[in-house]
Amino acid sequence: MIAENDSQRKCLEKIRPHLDRVESEILKQASAFDPAVEGYIAYLLDTGGKRIRPSLAILAGGAVAGEPSADHYKLGLILELIHIATLVHDDIMDGASLRRQMPTASAKWGQSLAVLLGDALFAHALQLTSDFDDHGVSKIVTQASKDVCTGEIIQTQRRYDLNLTKAEYFRIIEMKTGALFGAATEAACRLSSDDHELAANLRAYGLKLGTAYQIYDDSLDLLGDESSAGKTLGTDLEKGKLTLPVINLMESATRTQKTKLNKLIINREPLDTTILAGIADYEGAIERSLQEARGLLQEAVDGLAALPENDYHSGLREVADYVDSLVASCQLSSY
């Protein structure tokens with residue numbers, strides 16, 4: 001896992017007691033399962049993480065209402081459980097052996113059991129949404145869950161599809177990652193206010209933040225170091241996932257370079273940064289991707305202008321600053 005930097009520490013300090021409460025509730029969820037399953041679930045829930053989605057739920061709730069409520073903690077818990085379930089499934093599809101420097105569920109117990117564990121977490125999280133008095137919140141969360149799965153399905157359908165456009169890529173990652181970020185901020189607002197315009201603005205903030213974060217993660221897969229990232233890297237191209245850096249690379253390549261790159265991808269040959277750099281303007285393709293991510297983050301922050309000024313509003317800006325610092329750190333010179 002990437003170490004906390006100053007931006008992350010600053011925004012988390014304000015809500016640390018709230019996050020500690022969510023963390024405690026996350027760990028308690030294993031006991032809701034059958035004793036035969038409880039140990040497996042406990043392992044999945046105890047692997048840590050940045051807890052960005054619960055942070056967004058708490059910060060958005062506090063920004064709108066002045067202080068987060070118990071419902072905001074529950075929302076953060078639910079979204080984190082859904083996120084963990086998606087990671088279990090992601091690791092199966094990617095053949096990943098590490099997640100946060102620990103063996104993945106599929107590496108530890110096999111794919112069949114891992115699929116069922118991810119399903120069980122999904123079902124449990126969605127069951128918890130029935131506790132909210134406002135059924136609109138449940139609809140937001142379940143729609144986001146559906147979007148995440150749909151995004152993964154479309155990405156799987158489009159593997160090795162060299163005609164994937166940038167617009168199609170953005171649609172996929174908005175669903176895969178942006179959906180849960182947007183659900184965190186929109187549903188948190190809904191729990192505190194009936195201001196639909198404000199909820200829409202907060203949803204847009206979450207979607208853009210999550211999309212920018214996924215661009216960072218896609219770039220990290222090409223550039224990162226497994227010991228610092230804490231997970232298996234270099235799997236996207238191997239599995240035929242065409243991410244923004246590769247799409248940018250193909251857009252800037254000559255016909256001859258594009259033919260060479262297409263052949264390598266179609267033949268599923270190993271691709272590393274040295275090979276990619278020898279084909280076309282690899283560094284430029286990465287830089288353009290990171291700049292697009294930073295542009296989205298600026299748009300996300302600009303959309304917060306209608307919120308009342310308080311510490312939680314400031315915290316939402318600082319989360320964007322934290323993601324921006326991750327994007328900025330993902331430079332070729334860093335690896």
# chains A, B, ... in the order shown; residues from 1 in each chain; ligands from 1
>>> residues_around(residues="stretch 59-68 of chain A", least_positions_apart="2", cutoff="8 Å", atoms="only C-alpha atoms", output="PyMOL selection string")
chain A and resi 15+55-57+70-73+184-185+188-189+191-193+202+307-313+315-316
>>> write_last_selection(atoms="C-alpha atoms", output="PDB file, in the first residue's frame")
ATOM      1  CA  ILE A  15     -12.207  12.738  10.548  1.00  0.00           C
ATOM      2  CA  SER A  55     -13.965   9.182   4.021  1.00  0.00           C
ATOM      3  CA  LEU A  56     -16.050  10.711   1.232  1.00  0.00           C
ATOM      4  CA  ALA A  57     -19.317   9.680   2.880  1.00  0.00           C
ATOM      5  CA  ALA A  70     -24.609   7.401  12.320  1.00  0.00           C
ATOM      6  CA  ASP A  71     -26.212   6.947   8.898  1.00  0.00           C
ATOM      7  CA  HIS A  72     -23.107   8.382   7.253  1.00  0.00           C
ATOM      8  CA  TYR A  73     -20.953   5.857   9.108  1.00  0.00           C
ATOM      9  CA  ALA A 184     -20.658   8.081  -1.446  1.00  0.00           C
ATOM     10  CA  THR A 185     -21.007  11.818  -1.927  1.00  0.00           C
ATOM     11  CA  ALA A 188     -24.335  11.281   2.008  1.00  0.00           C
ATOM     12  CA  CYS A 189     -25.980  14.496   0.845  1.00  0.00           C
ATOM     13  CA  LEU A 191     -29.086  11.566   4.139  1.00  0.00           C
ATOM     14  CA  SER A 192     -28.701  15.199   5.248  1.00  0.00           C
ATOM     15  CA  SER A 193     -30.652  17.320   2.777  1.00  0.00           C
ATOM     16  CA  LEU A 202     -21.598  16.254  -4.989  1.00  0.00           C
ATOM     17  CA  LEU A 307     -21.235  23.892  -0.259  1.00  0.00           C
ATOM     18  CA  PRO A 308     -21.180  25.817   3.022  1.00  0.00           C
ATOM     19  CA  GLU A 309     -17.679  26.573   4.242  1.00  0.00           C
ATOM     20  CA  ASN A 310     -16.631  24.270   7.087  1.00  0.00           C
ATOM     21  CA  ASP A 311     -13.897  21.786   7.947  1.00  0.00           C
ATOM     22  CA  TYR A 312     -15.618  18.964   6.092  1.00  0.00           C
ATOM     23  CA  HIS A 313     -15.886  21.046   2.928  1.00  0.00           C
ATOM     24  CA  GLY A 315     -11.648  17.990   3.743  1.00  0.00           C
ATOM     25  CA  LEU A 316     -13.284  17.225   0.395  1.00  0.00           C
TER      26      LEU A 316
END
>>> residues_around(residues="A:Lys166", least_positions_apart="2", cutoff="9 Å", atoms="only C-alpha atoms", output="list of chain:residue names")
A:Leu164, A:Glu168, A:Tyr169, A:Phe170, A:Arg171, A:Thr243, A:Leu244, A:Ile247, A:Asn248
>>> closest_residue(among="A:Ala179, A:Ala32, A:Val319, A:Ile172", to="A:Ala123", atoms="only C-alpha atoms")
A:Ala32
>>> select_by_dssp(residues="stretch 27-266 of chain A", states="alpha helix (DSSP H)", output="ChimeraX atom specification")
/A:27-28,35-45,52-65,70-94,105-109,111-128,135-157,166-173,179-192,196-223,226-229,244-252,255-266
>>> atom_distance(atom1="atom CA of A:Gly95", atom2="atom CA of A:Gly240")
12.7 Å
>>> residues_around(residues="A:Ser31", least_positions_apart="5", cutoff="10 Å", atoms="only C-alpha atoms", output="ChimeraX atom specification")
/A:37-39,41-42
>>> closest_residue(among="A:Leu261, A:Leu126, A:Leu304, A:Ala212", to="A:Leu326", atoms="only C-alpha atoms")
A:Ala212
>>> atom_distance(atom1="atom CA of A:Ala114", atom2="atom CA of A:Ile82")
14.5 Å
>>> residues_around(residues="A:Leu207", least_positions_apart="6", cutoff="7 Å", atoms="only C-alpha atoms", output="PyMOL selection string")
chain A and resi 174+178-179+181-182
>>> closest_residue(among="A:Ser106, A:Leu128, A:Glu287, A:Tyr160", to="A:Asn267", atoms="only C-alpha atoms")
A:Tyr160
